[in-house]
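Accompanying notes for the structure given below.
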Amino acid sequence: MTQLYSTLANIYHEMYQHIFDYDKEFDFYHSLLQRTNCHKILEIGCGSGMLARRFLDNGYDYLGLDLFNEMLNIARSEIKSDRFIQCDMRSLSFNQQFDAVLITGRSIAYVIENQGILDTLTGIHKSLKDNGLLIFGVFEATGIFDNFNDFEQDIAHNNKKIKRISRLKLNLTTGWTYDWYAKYIIEEHEKSMVFDDVTTLRCFTKDEISLFLKLTGFKIKEIIEEGKAFTILAERISPLNSAYYKDQ
Ligand SMILES: C[S@@+](CC[C@H](N)C(=O)[O-])C[C@H]1O[C@@H](n2cnc3c(N)ncnc32)[C@H](O)[C@@H]1O
């Protein structure tokens with residue numbers, strides 16, 4: 001697993017304020033949630049809490065969840081809130097309490113095994129009220145593999161310069177997966193540090209996502225395209241009626 005959310009959690013927090021437009025992202029989720037008056041929400045992969053602040057400021061009954069305590073500790077100290085829990089998205093244990101569950105930042109890309117995807121979606125199904133909403137973004141396989149290019153980023157944050165050199169390599173062992181090799185070069189006060197990181201990420205075709213959702217009791221309401229990614233808006237349907245659930 002990547003070090004980006006543990007050893008490098010502070011670097012992530014500093015870098016991504018310049019990479020993601022969190023105001024725009026919040027507005028996007030907020031507009032989808034408002035359509036069905038969702039109030040009580042769970043954000044999976046909440047990271048360092050950049051969206052959490054916005055959800056809380058806008059009156060949502062919010063809970064943030066992430067695998068890495070290093071990320072959650074940044075969120076807790078920045079936002080001065082205890083609305084965060086450490087948990088793996090593959091082993092949720094909530095009981096029909098949320099109006100909506102969001103997986104933000106395309107965090108499901110880190111769940112690379114089919115069983116992990118099914119466990120995540122089943123746990124979300126159990127967490128949602130009847131007709132509750134699931135909203136999540138994924139990298140789209142054709143878009144990613146059609147333009148499978150290495151890239152470099154240079155980010156300045158306060159007195160720090162962060163350079164990230166990314167090299168991509170096909171993996172394809174558990175689906176549309178690839179390995180992301182990243183070198184971080186961090187310069188501050190004339191000192192320089194280098195970190196090497198590697199992780200495997202999964203992208204999906206729309207057909208794959210549709211089948212995973214069908215098997216775990218969801219109906220797709222809308223697919224929103226965003227370049228090399230898409231966001232799915234799905235509704236929890238009940239009763240459960242699928243081959244996958246029969247074995248549970
Ligand atoms: C790209 S970051 C997105 C963070 C945040 N949503 C943002 O936009 O800044 C992916 C997040 O997913 C979390 N994550 C990865 N695997 C996870 C898992 N199995 N369960 C829960 N969170 C996970 C990471 O710790 C990280 O915070």
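Residue numbering restarts at 1 for every chain of the structure tokens, chains are lettered A, B, ... in their displayed order, and ligands are numbered from 1 as they appear.
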Throw together the list of residues within 9 Å of ligand 1, counting only C-alpha atoms and all ligand atoms, and drop it here as a ChimeraX atom specification. /A:1-2,4-6,9,12-13,16-17,20,22,25,43-52,65-72,86-91,103-111,116,120
Each range 79-162 of chain A residue no farther than 10 Å from range 230-234 of chain A, nearest pair in Å, only C-alpha atoms, as CSV:
```
residue,atom,partner,partner_atom,distance
A:Ala100,CA,A:Ala234,CA,9.9
A:Leu102,CA,A:Leu233,CA,9.5
A:Ile103,CA,A:Thr231,CA,9.9
A:Thr104,CA,A:Thr231,CA,9.8
A:Arg106,CA,A:Thr231,CA,8.8
A:Asn131,CA,A:Ala234,CA,9.2
A:Gly132,CA,A:Ala234,CA,8.5
A:Leu133,CA,A:Ala234,CA,5.8
A:Leu134,CA,A:Ala234,CA,5.1
A:Ile135,CA,A:Leu233,CA,4.8
A:Phe136,CA,A:Thr231,CA,5.5
A:Gly137,CA,A:Thr231,CA,4.0
A:Val138,CA,A:Phe230,CA,5.7
A:Phe139,CA,A:Phe230,CA,6.6
A:Glu140,CA,A:Phe230,CA,6.5
```
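With only C-alpha atoms taken into account, the protein and nucleic acid residues at most 12 Å from Asp179 in chain A (excluding it and anything under 4 positions from it in its own chain) are Met1, Thr2, Ala109, Tyr110, Ile112, Phe148, Asp150, Ser166, Arg167, Leu168, Lys169, Leu170, Asn171, Leu172, Thr173, Thr174, Asp197, Val198, Thr199, Thr200, Leu201, Arg202 and Cys203 of chain A.
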Counting only C-alpha atoms, what is within 8 Å of Asp154 in chain A, bar same-chain residues fewer than 4 positions away, as a PyMOL selection string? chain A and resi 161-164
Would you save the residues from that selection as a JSON list (two decimals), in the first residue's frame, using N, CA and C atoms?
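Produced file again-v4.json, reproduced below:
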```json
[["chain", "number", "residue", "atom", "x", "y", "z"],
["A", 161, "LYS", "N", 8.83, 23.39, -1.71],
["A", 161, "LYS", "CA", 8.63, 23.03, -3.13],
["A", 161, "LYS", "C", 8.52, 21.53, -3.20],
["A", 162, "ILE", "N", 7.46, 21.05, -3.83],
["A", 162, "ILE", "CA", 7.25, 19.60, -3.93],
["A", 162, "ILE", "C", 7.22, 19.24, -5.41],
["A", 163, "LYS", "N", 8.12, 18.32, -5.78],
["A", 163, "LYS", "CA", 8.10, 17.81, -7.16],
["A", 163, "LYS", "C", 7.71, 16.35, -7.09],
["A", 164, "ARG", "N", 6.77, 15.96, -7.94],
["A", 164, "ARG", "CA", 6.41, 14.53, -7.99],
["A", 164, "ARG", "C", 6.59, 14.04, -9.43]]
```
May I have the residues within 10 Å of Asp99 in chain A as a PyMOL selection string, using only C-alpha atoms and disregarding those fewer than 4 positions away in the same chain? chain A and resi 33+36-42+61+127-134
Taking the backbone alone, and naming residues the way the document does, which bits of range 77-228 of chain A are strand (DSSP E or B) by DSSP, as a PDB file with N, CA and C atoms, in the first residue's frame?
```pdb
ATOM      1  N   PHE A  84     -14.930  11.743  12.825  1.00  0.00           N
ATOM      2  CA  PHE A  84     -14.097  10.928  11.940  1.00  0.00           C
ATOM      3  C   PHE A  84     -13.833   9.579  12.582  1.00  0.00           C
ATOM      4  N   ILE A  85     -13.869   8.511  11.760  1.00  0.00           N
ATOM      5  CA  ILE A  85     -13.497   7.203  12.293  1.00  0.00           C
ATOM      6  C   ILE A  85     -12.533   6.493  11.340  1.00  0.00           C
ATOM      7  N   GLN A  86     -11.695   5.670  11.968  1.00  0.00           N
ATOM      8  CA  GLN A  86     -10.747   4.870  11.189  1.00  0.00           C
ATOM      9  C   GLN A  86     -11.416   3.539  10.860  1.00  0.00           C
ATOM     10  N   PHE A  98     -27.684   6.028   7.158  1.00  0.00           N
ATOM     11  CA  PHE A  98     -27.324   7.208   6.362  1.00  0.00           C
ATOM     12  C   PHE A  98     -28.297   7.452   5.207  1.00  0.00           C
ATOM     13  N   ASP A  99     -28.532   8.750   4.926  1.00  0.00           N
ATOM     14  CA  ASP A  99     -29.319   9.117   3.738  1.00  0.00           C
ATOM     15  C   ASP A  99     -28.462   8.935   2.483  1.00  0.00           C
ATOM     16  N   ALA A 100     -27.156   9.172   2.650  1.00  0.00           N
ATOM     17  CA  ALA A 100     -26.251   9.056   1.500  1.00  0.00           C
ATOM     18  C   ALA A 100     -24.864   8.650   1.967  1.00  0.00           C
ATOM     19  N   VAL A 101     -24.197   7.869   1.105  1.00  0.00           N
ATOM     20  CA  VAL A 101     -22.784   7.519   1.321  1.00  0.00           C
ATOM     21  C   VAL A 101     -22.017   7.996   0.096  1.00  0.00           C
ATOM     22  N   LEU A 102     -20.912   8.706   0.339  1.00  0.00           N
ATOM     23  CA  LEU A 102     -20.067   9.168  -0.760  1.00  0.00           C
ATOM     24  C   LEU A 102     -18.693   8.522  -0.614  1.00  0.00           C
ATOM     25  N   ILE A 103     -18.131   8.084  -1.740  1.00  0.00           N
ATOM     26  CA  ILE A 103     -16.714   7.695  -1.736  1.00  0.00           C
ATOM     27  C   ILE A 103     -16.016   8.782  -2.556  1.00  0.00           C
ATOM     28  N   LEU A 128     -27.003   2.222   4.357  1.00  0.00           N
ATOM     29  CA  LEU A 128     -27.957   3.210   3.832  1.00  0.00           C
ATOM     30  C   LEU A 128     -29.395   2.918   4.244  1.00  0.00           C
ATOM     31  N   LYS A 129     -30.157   3.986   4.435  1.00  0.00           N
ATOM     32  CA  LYS A 129     -31.604   3.834   4.604  1.00  0.00           C
ATOM     33  C   LYS A 129     -32.213   3.354   3.281  1.00  0.00           C
ATOM     34  N   ASP A 130     -33.456   2.876   3.319  1.00  0.00           N
ATOM     35  CA  ASP A 130     -34.141   2.494   2.072  1.00  0.00           C
ATOM     36  C   ASP A 130     -34.099   3.662   1.098  1.00  0.00           C
ATOM     37  N   ASN A 131     -33.812   3.362  -0.156  1.00  0.00           N
ATOM     38  CA  ASN A 131     -33.708   4.377  -1.218  1.00  0.00           C
ATOM     39  C   ASN A 131     -32.592   5.396  -1.002  1.00  0.00           C
ATOM     40  N   GLY A 132     -31.678   5.072  -0.084  1.00  0.00           N
ATOM     41  CA  GLY A 132     -30.546   5.977   0.142  1.00  0.00           C
ATOM     42  C   GLY A 132     -29.642   6.052  -1.084  1.00  0.00           C
ATOM     43  N   LEU A 133     -28.795   7.087  -1.115  1.00  0.00           N
ATOM     44  CA  LEU A 133     -27.962   7.350  -2.297  1.00  0.00           C
ATOM     45  C   LEU A 133     -26.512   6.958  -2.073  1.00  0.00           C
ATOM     46  N   LEU A 134     -25.928   6.360  -3.101  1.00  0.00           N
ATOM     47  CA  LEU A 134     -24.476   6.120  -3.125  1.00  0.00           C
ATOM     48  C   LEU A 134     -23.905   6.972  -4.252  1.00  0.00           C
ATOM     49  N   ILE A 135     -22.893   7.774  -3.916  1.00  0.00           N
ATOM     50  CA  ILE A 135     -22.265   8.624  -4.931  1.00  0.00           C
ATOM     51  C   ILE A 135     -20.765   8.344  -4.895  1.00  0.00           C
ATOM     52  N   PHE A 136     -20.199   7.943  -6.022  1.00  0.00           N
ATOM     53  CA  PHE A 136     -18.743   7.722  -6.035  1.00  0.00           C
ATOM     54  C   PHE A 136     -18.172   7.887  -7.432  1.00  0.00           C
ATOM     55  N   GLY A 137     -16.922   8.332  -7.464  1.00  0.00           N
ATOM     56  CA  GLY A 137     -16.228   8.525  -8.733  1.00  0.00           C
ATOM     57  C   GLY A 137     -15.206   7.421  -8.930  1.00  0.00           C
ATOM     58  N   VAL A 138     -14.984   7.041 -10.188  1.00  0.00           N
ATOM     59  CA  VAL A 138     -13.948   6.058 -10.508  1.00  0.00           C
ATOM     60  C   VAL A 138     -13.168   6.534 -11.734  1.00  0.00           C
ATOM     61  N   PHE A 139     -11.934   6.024 -11.867  1.00  0.00           N
ATOM     62  CA  PHE A 139     -11.178   6.247 -13.097  1.00  0.00           C
ATOM     63  C   PHE A 139     -11.741   5.309 -14.163  1.00  0.00           C
ATOM     64  N   GLU A 140     -11.911   5.848 -15.377  1.00  0.00           N
ATOM     65  CA  GLU A 140     -12.510   5.067 -16.463  1.00  0.00           C
ATOM     66  C   GLU A 140     -11.398   4.365 -17.259  1.00  0.00           C
ATOM     67  N   PHE A 151       3.951  11.386 -15.913  1.00  0.00           N
ATOM     68  CA  PHE A 151       3.752  12.837 -15.767  1.00  0.00           C
ATOM     69  C   PHE A 151       4.533  13.374 -14.570  1.00  0.00           C
ATOM     70  N   GLU A 152       4.720  14.693 -14.577  1.00  0.00           N
ATOM     71  CA  GLU A 152       5.440  15.351 -13.466  1.00  0.00           C
ATOM     72  C   GLU A 152       4.619  16.530 -12.965  1.00  0.00           C
ATOM     73  N   GLN A 153       4.696  16.774 -11.671  1.00  0.00           N
ATOM     74  CA  GLN A 153       3.975  17.917 -11.088  1.00  0.00           C
ATOM     75  C   GLN A 153       4.936  18.706 -10.187  1.00  0.00           C
ATOM     76  N   ASP A 154       4.820  20.019 -10.229  1.00  0.00           N
ATOM     77  CA  ASP A 154       5.604  20.889  -9.348  1.00  0.00           C
ATOM     78  C   ASP A 154       4.639  21.739  -8.561  1.00  0.00           C
ATOM     79  N   ILE A 155       4.735  21.655  -7.247  1.00  0.00           N
ATOM     80  CA  ILE A 155       3.783  22.382  -6.403  1.00  0.00           C
ATOM     81  C   ILE A 155       4.542  23.189  -5.366  1.00  0.00           C
ATOM     82  N   ALA A 156       4.132  24.446  -5.202  1.00  0.00           N
ATOM     83  CA  ALA A 156       4.748  25.278  -4.156  1.00  0.00           C
ATOM     84  C   ALA A 156       3.709  25.487  -3.066  1.00  0.00           C
ATOM     85  N   HIS A 157       4.102  25.181  -1.829  1.00  0.00           N
ATOM     86  CA  HIS A 157       3.173  25.371  -0.705  1.00  0.00           C
ATOM     87  C   HIS A 157       3.946  26.078   0.408  1.00  0.00           C
ATOM     88  N   LYS A 160       7.685  25.601   0.857  1.00  0.00           N
ATOM     89  CA  LYS A 160       8.075  24.260   0.425  1.00  0.00           C
ATOM     90  C   LYS A 160       7.861  24.094  -1.075  1.00  0.00           C
ATOM     91  N   LYS A 161       8.830  23.388  -1.710  1.00  0.00           N
ATOM     92  CA  LYS A 161       8.626  23.034  -3.128  1.00  0.00           C
ATOM     93  C   LYS A 161       8.522  21.525  -3.199  1.00  0.00           C
ATOM     94  N   ILE A 162       7.461  21.047  -3.833  1.00  0.00           N
ATOM     95  CA  ILE A 162       7.252  19.601  -3.935  1.00  0.00           C
ATOM     96  C   ILE A 162       7.224  19.243  -5.414  1.00  0.00           C
ATOM     97  N   LYS A 163       8.116  18.319  -5.783  1.00  0.00           N
ATOM     98  CA  LYS A 163       8.103  17.813  -7.162  1.00  0.00           C
ATOM     99  C   LYS A 163       7.710  16.347  -7.094  1.00  0.00           C
ATOM    100  N   ARG A 164       6.772  15.958  -7.939  1.00  0.00           N
ATOM    101  CA  ARG A 164       6.406  14.533  -7.995  1.00  0.00           C
ATOM    102  C   ARG A 164       6.590  14.044  -9.425  1.00  0.00           C
ATOM    103  N   ILE A 165       7.384  12.988  -9.547  1.00  0.00           N
ATOM    104  CA  ILE A 165       7.611  12.374 -10.861  1.00  0.00           C
ATOM    105  C   ILE A 165       6.881  11.041 -10.854  1.00  0.00           C
ATOM    106  N   SER A 166       5.900  10.895 -11.745  1.00  0.00           N
ATOM    107  CA  SER A 166       5.054   9.696 -11.750  1.00  0.00           C
ATOM    108  C   SER A 166       5.325   8.858 -12.983  1.00  0.00           C
ATOM    109  N   ARG A 167       5.554   7.574 -12.755  1.00  0.00           N
ATOM    110  CA  ARG A 167       5.743   6.603 -13.846  1.00  0.00           C
ATOM    111  C   ARG A 167       4.652   5.543 -13.716  1.00  0.00           C
ATOM    112  N   LEU A 168       4.003   5.222 -14.825  1.00  0.00           N
ATOM    113  CA  LEU A 168       2.892   4.264 -14.782  1.00  0.00           C
ATOM    114  C   LEU A 168       3.265   2.971 -15.511  1.00  0.00           C
ATOM    115  N   LYS A 169       2.822   1.848 -14.950  1.00  0.00           N
ATOM    116  CA  LYS A 169       3.130   0.546 -15.550  1.00  0.00           C
ATOM    117  C   LYS A 169       1.887  -0.330 -15.497  1.00  0.00           C
ATOM    118  N   LEU A 170       1.589  -1.011 -16.589  1.00  0.00           N
ATOM    119  CA  LEU A 170       0.421  -1.908 -16.578  1.00  0.00           C
ATOM    120  C   LEU A 170       0.607  -2.995 -15.527  1.00  0.00           C
ATOM    121  N   TRP A 176      -8.671  -3.982 -14.353  1.00  0.00           N
ATOM    122  CA  TRP A 176      -7.984  -2.903 -15.078  1.00  0.00           C
ATOM    123  C   TRP A 176      -7.116  -2.131 -14.084  1.00  0.00           C
ATOM    124  N   THR A 177      -5.995  -2.782 -13.699  1.00  0.00           N
ATOM    125  CA  THR A 177      -5.122  -2.192 -12.673  1.00  0.00           C
ATOM    126  C   THR A 177      -3.798  -1.730 -13.286  1.00  0.00           C
ATOM    127  N   TYR A 178      -3.190  -0.763 -12.623  1.00  0.00           N
ATOM    128  CA  TYR A 178      -1.846  -0.314 -13.022  1.00  0.00           C
ATOM    129  C   TYR A 178      -1.058   0.086 -11.783  1.00  0.00           C
ATOM    130  N   ASP A 179       0.276   0.030 -11.939  1.00  0.00           N
ATOM    131  CA  ASP A 179       1.160   0.403 -10.832  1.00  0.00           C
ATOM    132  C   ASP A 179       1.629   1.837 -11.047  1.00  0.00           C
ATOM    133  N   TRP A 180       1.549   2.605  -9.980  1.00  0.00           N
ATOM    134  CA  TRP A 180       1.941   4.018 -10.015  1.00  0.00           C
ATOM    135  C   TRP A 180       3.194   4.180  -9.150  1.00  0.00           C
ATOM    136  N   TYR A 181       4.327   4.400  -9.845  1.00  0.00           N
ATOM    137  CA  TYR A 181       5.601   4.642  -9.148  1.00  0.00           C
ATOM    138  C   TYR A 181       5.774   6.148  -9.051  1.00  0.00           C
ATOM    139  N   ALA A 182       5.920   6.652  -7.829  1.00  0.00           N
ATOM    140  CA  ALA A 182       6.043   8.108  -7.668  1.00  0.00           C
ATOM    141  C   ALA A 182       7.307   8.435  -6.861  1.00  0.00           C
ATOM    142  N   LYS A 183       8.034   9.417  -7.346  1.00  0.00           N
ATOM    143  CA  LYS A 183       9.182   9.940  -6.595  1.00  0.00           C
ATOM    144  C   LYS A 183       8.824  11.343  -6.128  1.00  0.00           C
ATOM    145  N   TYR A 184       8.953  11.596  -4.835  1.00  0.00           N
ATOM    146  CA  TYR A 184       8.663  12.913  -4.270  1.00  0.00           C
ATOM    147  C   TYR A 184       9.987  13.568  -3.894  1.00  0.00           C
ATOM    148  N   ILE A 185      10.207  14.773  -4.413  1.00  0.00           N
ATOM    149  CA  ILE A 185      11.411  15.525  -4.053  1.00  0.00           C
ATOM    150  C   ILE A 185      10.927  16.794  -3.348  1.00  0.00           C
ATOM    151  N   ILE A 186      11.283  16.897  -2.080  1.00  0.00           N
ATOM    152  CA  ILE A 186      10.732  17.993  -1.271  1.00  0.00           C
ATOM    153  C   ILE A 186      11.873  18.910  -0.838  1.00  0.00           C
ATOM    154  N   GLU A 187      11.734  20.178  -1.166  1.00  0.00           N
ATOM    155  CA  GLU A 187      12.784  21.147  -0.802  1.00  0.00           C
ATOM    156  C   GLU A 187      12.196  22.197   0.116  1.00  0.00           C
ATOM    157  N   GLU A 188      12.887  22.395   1.248  1.00  0.00           N
ATOM    158  CA  GLU A 188      12.430  23.425   2.192  1.00  0.00           C
ATOM    159  C   GLU A 188      13.649  23.932   2.967  1.00  0.00           C
ATOM    160  N   LYS A 191      17.006  22.501   2.360  1.00  0.00           N
ATOM    161  CA  LYS A 191      17.203  21.062   2.598  1.00  0.00           C
ATOM    162  C   LYS A 191      16.329  20.305   1.613  1.00  0.00           C
ATOM    163  N   SER A 192      16.811  19.112   1.238  1.00  0.00           N
ATOM    164  CA  SER A 192      16.043  18.349   0.261  1.00  0.00           C
ATOM    165  C   SER A 192      15.825  16.914   0.761  1.00  0.00           C
ATOM    166  N   MET A 193      14.602  16.389   0.547  1.00  0.00           N
ATOM    167  CA  MET A 193      14.287  15.012   0.945  1.00  0.00           C
ATOM    168  C   MET A 193      13.656  14.298  -0.252  1.00  0.00           C
ATOM    169  N   VAL A 194      13.941  13.011  -0.373  1.00  0.00           N
ATOM    170  CA  VAL A 194      13.385  12.241  -1.489  1.00  0.00           C
ATOM    171  C   VAL A 194      12.672  11.013  -0.936  1.00  0.00           C
ATOM    172  N   PHE A 195      11.472  10.757  -1.443  1.00  0.00           N
ATOM    173  CA  PHE A 195      10.699   9.564  -1.055  1.00  0.00           C
ATOM    174  C   PHE A 195      10.255   8.838  -2.324  1.00  0.00           C
ATOM    175  N   ASP A 196      10.385   7.530  -2.300  1.00  0.00           N
ATOM    176  CA  ASP A 196       9.867   6.719  -3.404  1.00  0.00           C
ATOM    177  C   ASP A 196       8.628   5.987  -2.919  1.00  0.00           C
ATOM    178  N   ASP A 197       7.600   5.959  -3.770  1.00  0.00           N
ATOM    179  CA  ASP A 197       6.341   5.342  -3.370  1.00  0.00           C
ATOM    180  C   ASP A 197       5.814   4.501  -4.535  1.00  0.00           C
ATOM    181  N   VAL A 198       5.122   3.432  -4.212  1.00  0.00           N
ATOM    182  CA  VAL A 198       4.487   2.646  -5.281  1.00  0.00           C
ATOM    183  C   VAL A 198       3.150   2.125  -4.779  1.00  0.00           C
ATOM    184  N   THR A 199       2.181   2.147  -5.653  1.00  0.00           N
ATOM    185  CA  THR A 199       0.879   1.596  -5.302  1.00  0.00           C
ATOM    186  C   THR A 199       0.191   1.065  -6.558  1.00  0.00           C
ATOM    187  N   THR A 200      -0.783   0.188  -6.349  1.00  0.00           N
ATOM    188  CA  THR A 200      -1.576  -0.320  -7.465  1.00  0.00           C
ATOM    189  C   THR A 200      -2.967   0.306  -7.399  1.00  0.00           C
ATOM    190  N   LEU A 201      -3.432   0.791  -8.542  1.00  0.00           N
ATOM    191  CA  LEU A 201      -4.747   1.434  -8.621  1.00  0.00           C
ATOM    192  C   LEU A 201      -5.612   0.685  -9.628  1.00  0.00           C
ATOM    193  N   ARG A 202      -6.919   0.745  -9.400  1.00  0.00           N
ATOM    194  CA  ARG A 202      -7.836   0.051 -10.320  1.00  0.00           C
ATOM    195  C   ARG A 202      -8.759   1.054 -11.004  1.00  0.00           C
ATOM    196  N   CYS A 203      -8.917   0.889 -12.312  1.00  0.00           N
ATOM    197  CA  CYS A 203      -9.954   1.650 -13.008  1.00  0.00           C
ATOM    198  C   CYS A 203     -11.023   0.663 -13.481  1.00  0.00           C
ATOM    199  N   PHE A 204     -12.109   1.188 -13.987  1.00  0.00           N
ATOM    200  CA  PHE A 204     -13.261   0.346 -14.297  1.00  0.00           C
ATOM    201  C   PHE A 204     -13.871   0.752 -15.629  1.00  0.00           C
ATOM    202  N   PHE A 218     -28.038  -2.250  -5.886  1.00  0.00           N
ATOM    203  CA  PHE A 218     -28.162  -0.831  -6.242  1.00  0.00           C
ATOM    204  C   PHE A 218     -28.709  -0.667  -7.661  1.00  0.00           C
ATOM    205  N   LYS A 219     -29.423   0.437  -7.852  1.00  0.00           N
ATOM    206  CA  LYS A 219     -29.882   0.799  -9.199  1.00  0.00           C
ATOM    207  C   LYS A 219     -29.195   2.106  -9.599  1.00  0.00           C
ATOM    208  N   ILE A 220     -28.562   2.112 -10.768  1.00  0.00           N
ATOM    209  CA  ILE A 220     -27.886   3.336 -11.218  1.00  0.00           C
ATOM    210  C   ILE A 220     -28.915   4.372 -11.648  1.00  0.00           C
ATOM    211  N   LYS A 221     -28.811   5.587 -11.090  1.00  0.00           N
ATOM    212  CA  LYS A 221     -29.737   6.657 -11.475  1.00  0.00           C
ATOM    213  C   LYS A 221     -29.100   7.553 -12.530  1.00  0.00           C
ATOM    214  N   GLU A 222     -27.773   7.713 -12.426  1.00  0.00           N
ATOM    215  CA  GLU A 222     -27.114   8.640 -13.354  1.00  0.00           C
ATOM    216  C   GLU A 222     -25.615   8.355 -13.390  1.00  0.00           C
ATOM    217  N   ILE A 223     -25.021   8.547 -14.554  1.00  0.00           N
ATOM    218  CA  ILE A 223     -23.563   8.471 -14.680  1.00  0.00           C
ATOM    219  C   ILE A 223     -23.096   9.825 -15.215  1.00  0.00           C
ATOM    220  N   ILE A 224     -22.200  10.461 -14.472  1.00  0.00           N
ATOM    221  CA  ILE A 224     -21.747  11.804 -14.867  1.00  0.00           C
ATOM    222  C   ILE A 224     -20.287  11.700 -15.313  1.00  0.00           C
ATOM    223  N   GLU A 225     -20.036  12.049 -16.579  1.00  0.00           N
ATOM    224  CA  GLU A 225     -18.682  11.930 -17.148  1.00  0.00           C
ATOM    225  C   GLU A 225     -17.826  13.107 -16.703  1.00  0.00           C
ATOM    226  N   GLU A 226     -16.535  12.823 -16.416  1.00  0.00           N
ATOM    227  CA  GLU A 226     -15.605  13.918 -16.120  1.00  0.00           C
ATOM    228  C   GLU A 226     -14.227  13.549 -16.670  1.00  0.00           C
TER     229      GLU A 226
END
```
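The smallest atom-to-atom distance between Lys206 in chain A and any of A:Thr142, A:Gln115, A:Ala75, A:Gly64, using only C-alpha atoms, is found for A:Thr142.
Here CA of Asn149 in chain A stands at a distance of 25.8 Å from CA of Asn114 in chain A.
From CA of His189 in chain A back to CA of Ile79 in chain A, the distance works out to 27.8 Å.
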Just list as a PyMOL selection string whatever in range 53-163 of chain A DSSP marks as helix (DSSP H, G or I). chain A and resi 53-57+69-79+89-91+107-110+114-127+141-146
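Counting from CA of Lys228 in chain A, the distance to CA of His18 in chain A is 19.4 Å.
Among the candidates A:Ala141, A:Glu190, A:Glu235, A:Ala229, the one nearest to Glu208 in chain A when counting only C-alpha atoms is A:Ala141.
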